[in-house]
Structure formats: C-alpha cells, structure tokens
Amino acid sequence: MSSLVPLIETTPDLKKALKGIESEKRVGFDLEADSMYHFSEKVCLLQVASKNTAFAIDTVKLRDLSVLKPLFIRKDVMKIFHGADYDVRSLFRDFGIEIKNLFDTELASRFLGIKETGLEAVLRNRFDLKLEKKYQKKDWSQRPLSADMLNYALNDVRHLVSLSEILEKELDDIGRLSWVEEECEILCRVRSSEDNGDPLFLKFKGAGKLKPETLAVLEALLRFRKEAAQKKDRPLFKIMGNNSILKLAETKPDSLKKIMNTDALSQRQLDIYGKDLVGVISKAVKIPENMLPVYPRKTAFYVSESAARRIEALKIWRDKKAVKLNIDPGLLLNKSLISTIGVQNPNDPAGLGAIKEMKNWQRREFGDEIIRALRRKK
C-alpha cells in the first residue's frame with residue numbers, strides 16, 4: 001500500500017478514486033465529525049479503503065457525495081464499518097446516503113463473544129497493531145489537515161477488509177453468520193431522530209424524578225443553553241454541562257450571588273451568562289401551577305403472577321444459554337423482549353412470529369427452547 005495519503009477535494013478526483021476500487025468486493029469506511037466543536041455536527045472526513053488502496057474524502061470542501069451513492073447501494077459490494085450505527089445515521093443525515101450489504105466488525109466481534117470490541121483492541125489482538133489515538137479529539141472541521149492527521153484517520157480503515165474476512169469466517173464456522181447479517185441489515189435502516197418540538201427535558205437524564213415546578217425551570221434553562229449554543233456555534237456541553245443545569249434547576253437561585261453560591265458555574269460562565277440566567281429562572285418560577293409541565297409517564301401494564309414467573313424462567317434460560325454460547329446475554333434476548341414474550345405467552349415457535357421485536361435468527365435458532373422454557377412455568 002502506498003505511503004502517500006490522497007485527499008479527495010473535488011468530484012472529478014473522487015470519480016477517479018472510485019474507479020480504482022470499482023472491482024473490489026469489500027470496501028472499508030470510517031468518518032470523522034466535528035461534534036466536539038460545533039452546535040450542528042457534520043461529517044468532515046470520509047475514509048475509504050480496500051486491501052490495495054486507501055484515500056480520504058474532504059467532506060468540508062466536497063459536500064456533494066452523490067457519485068458515491070451507487071457504491072453504497074451495490075449489493076455485490078460489502079461495505080465494512082466498525083461500530084456502524086453513528087456512521088449510518090451521519091451519512092444519511094448529511095448526504096442522503098443509504099447503505100446495502102453492510103458488515104459491522106464491532107457487532108461481529110460481539111457475536112463471537114469477544115469482550116474488548118473497540119477497534120483499537122480488536123486490531124491489537126488480531127494483528128498486533130497499535131492505533132495512535134492522539135488526534136481523536138481534534139477539530140476535524142479545521143483546514144488544512146496535516147499528513148499525520150490523515151494517516152491517523154486512514155489507519156482506522158486500512159485493516160477493515162482483512163478483519164472482516166477473518167470475522168466472517170469465524171462466524172460461519174460456529175453458525176452465527178446469518179445472525180450478524182440480519183443485525184447488519186437492520187442497522188442499515190437506523191436514522192437520526194428529528195427535532196419535533198418536544199420538550200427538551202424528555203432527553204435529559206433524571207428529569208423524570210423532578211417535580212413540575214423544577215421541571216419548568218429545567219426546560220427554561222435547557223432552551224436558554226440551546227439558543228446560546230446555536231448563536232455561538234458551540235456544542236451544548238461547552239456552554240453549560242448537564243450537572244450545572246440540574247443544580248440550577250433544583251436550587252432556583254434568584255440572584256447572581258446565589259448562583260455563585262451553588263458552585264454550578266465557573267467565574268467565566270457566571271460573567272457571560274449570569275444575569276441572563278437570573279432572568280430565565282425568575283420567569284420560570286412564576287409559571288402558573290396549571291401551566292407547569294408534567295413528565296409523561298408510560299402507562300404501566302399489569303404483569304400477572306404467572307407472566308412474572310414466565311419472564312423469570314426466560315431470564316434463567318437466556319443467562320444459561322449465553323454462558324454456553326460465550327455471548328453477551330443482552331445480544332441473545334434483551335430485557336424488553338423477554339418481558340414481551342413472557343406477557344404474550346405464545347403457544348408454539350410459530351406464535352413467536354407475532355412478536356415484531358423478535359429477530360428471525362432468534363426465532364429460528366431458539367424458538368423451541370424459548371417455548372419449552374415458557375411451558376415449564378405455565
């Protein structure tokens with residue numbers, strides 16, 4: 001492989017680079033984004049590698065990647081990622097890229113029972129390679145990019161094709177390749193959630209435990225932080241951290257001195273936002289009781305004693321089976337799916353087909369055992 005690091009900045013150059021991999025049946029991909037530095041994150045670099053070549057696409061300068069779309073939907077070319085969820089969401093969000101025939105080497109490693117599934121650990125254990133991570137938190141939106149940064153970025157994709165071949169064979173040898181293929185097919189369809197105008201506190205950890213009057217202050221503070229982040233084009237956490245927001249919501253200080261006494265903000269944050277925050281909090285605490293927000297609660301469904309026994313029986317079966325297979329129990333059946341099966345109580349393996357959350361491989365491989373576990377507790 002060449003020591004040069006081609007950086008693609010124009011559509012003609014991208015077309016030329018794609019001709020060099022058009023006959024490949026496996027291509028590795030990774031991306032670098034700027035979520036640590038900007039309010040609205042974007043893909044800043046897309047790395048591409050086959051066994052014989054590697055290049056990076058400067059997606060700050062080249063935002064139109066339409067010439068790449070045919071490659072991503074070709075069913076005869078395997079697109080290899082490591083931990084694909086974020087990449088799939090980001091590529092569709094920024095470029096409308098859809099993916100078919102994806103293979104996730106991180107997911108494959110988990111289904112093989114590998115404990116350390118980060119790319120650095122996997123490459124170290126498989127190929128005795130050490131990845132340099134010093135550029136991991138760099139601002140990838142800044143230009144120019146140094147040769148060292150480009151080499152760092154490409155090191156994350158250079159070995160994906162070889163790794164995928166090894167993992168695919170090992171999965172096939174133990175009869176789990178179809179499991180991963182189905183999971184990867186589902187992974188191709190994940191998308192970023194859209195802002196639908198819901199209260200911001202719905203995505204704030206711990207909000208469900210707060211009283212309405214505190215929830216009102218929390219929502220006001222979250223909206224203030226979001227507006228400030230948008231104006232400054234900074235990530236939310238670089239305006240104020242969640243712990244600071246929560247402390248202010250709970251204490252509801254009504255003066256600069258009281259905000260200072262909470263130790264929620266640095267002196268710099270206090271100087272920049274202090275007066276505005278006093279106003280935001282003061283306004284929120286005056287919201288009439290009948291207009292205070294209420295955290296929505298999911299309707300609790302009744303679980304009968306017999307269903308509870310079936311759920312417990314499934315957990316016991318799942319945990320024992322996971323040990324036997326040397327696999328994470330949550331991959332085999334997660335808690336939510338166990339509860340659904342226990343409550344619906346299908347009579348036979350065919351009845352498991354009515355449970356939409358259940359994967360085909362789970363039903364096919366373990367349907368009989370699941371039904372037997374249920375029957376023992378009826």
# chains A, B, ... in the order shown; residues from 1 in each chain; ligands from 1
call {"tool": "residues_around", "arguments": {"residues": "region 368-372 of chain A", "least_positions_apart": "2", "cutoff": "9 Å", "atoms": "only C-alpha atoms", "output": "ChimeraX atom specification"}}
result
/A:314,317-318,341,345-349,352,363-366,374-376
call {"tool": "write_last_selection", "arguments": {"atoms": "C-alpha atoms", "output": "compact mmCIF listing (two decimals), in the first residue's frame"}}
result
# COMPACT_ATOMS: atom_id res chain seq x y z
CA LEU A 314 -36.84 -16.92 30.29
CA TRP A 317 -32.77 -19.85 30.29
CA ARG A 318 -31.24 -16.87 28.50
CA ILE A 341 -42.53 -12.83 25.25
CA ASN A 345 -47.03 -16.20 26.09
CA PRO A 346 -47.01 -17.76 22.60
CA ASN A 347 -48.08 -21.41 22.40
CA ASP A 348 -45.53 -22.59 19.84
CA PRO A 349 -42.50 -21.37 17.88
CA LEU A 352 -43.27 -16.11 18.22
CA ARG A 363 -36.88 -17.30 16.47
CA ARG A 364 -35.20 -19.79 14.14
CA GLU A 365 -32.32 -20.78 16.42
CA PHE A 366 -34.01 -20.69 19.82
CA LEU A 374 -42.39 -20.89 28.92
CA ARG A 375 -44.22 -24.17 29.28
CA ARG A 376 -42.28 -25.10 32.36
call {"tool": "select_by_dssp", "arguments": {"residues": "region 70-221 of chain A", "states": "strand (DSSP E)", "output": "list in words"}}
result
Met78, Lys79, Ile80, Phe81, Leu102, Phe103 and Asp104 of chain A
call {"tool": "atom_distance", "arguments": {"atom1": "CA of Met149 (chain A)", "atom2": "CA of Lys134 (chain A)"}}
result
9.1 Å
call {"tool": "atom_distance", "arguments": {"atom1": "CA of Ala373 (chain A)", "atom2": "CA of Ala313 (chain A)"}}
result
6.1 Å
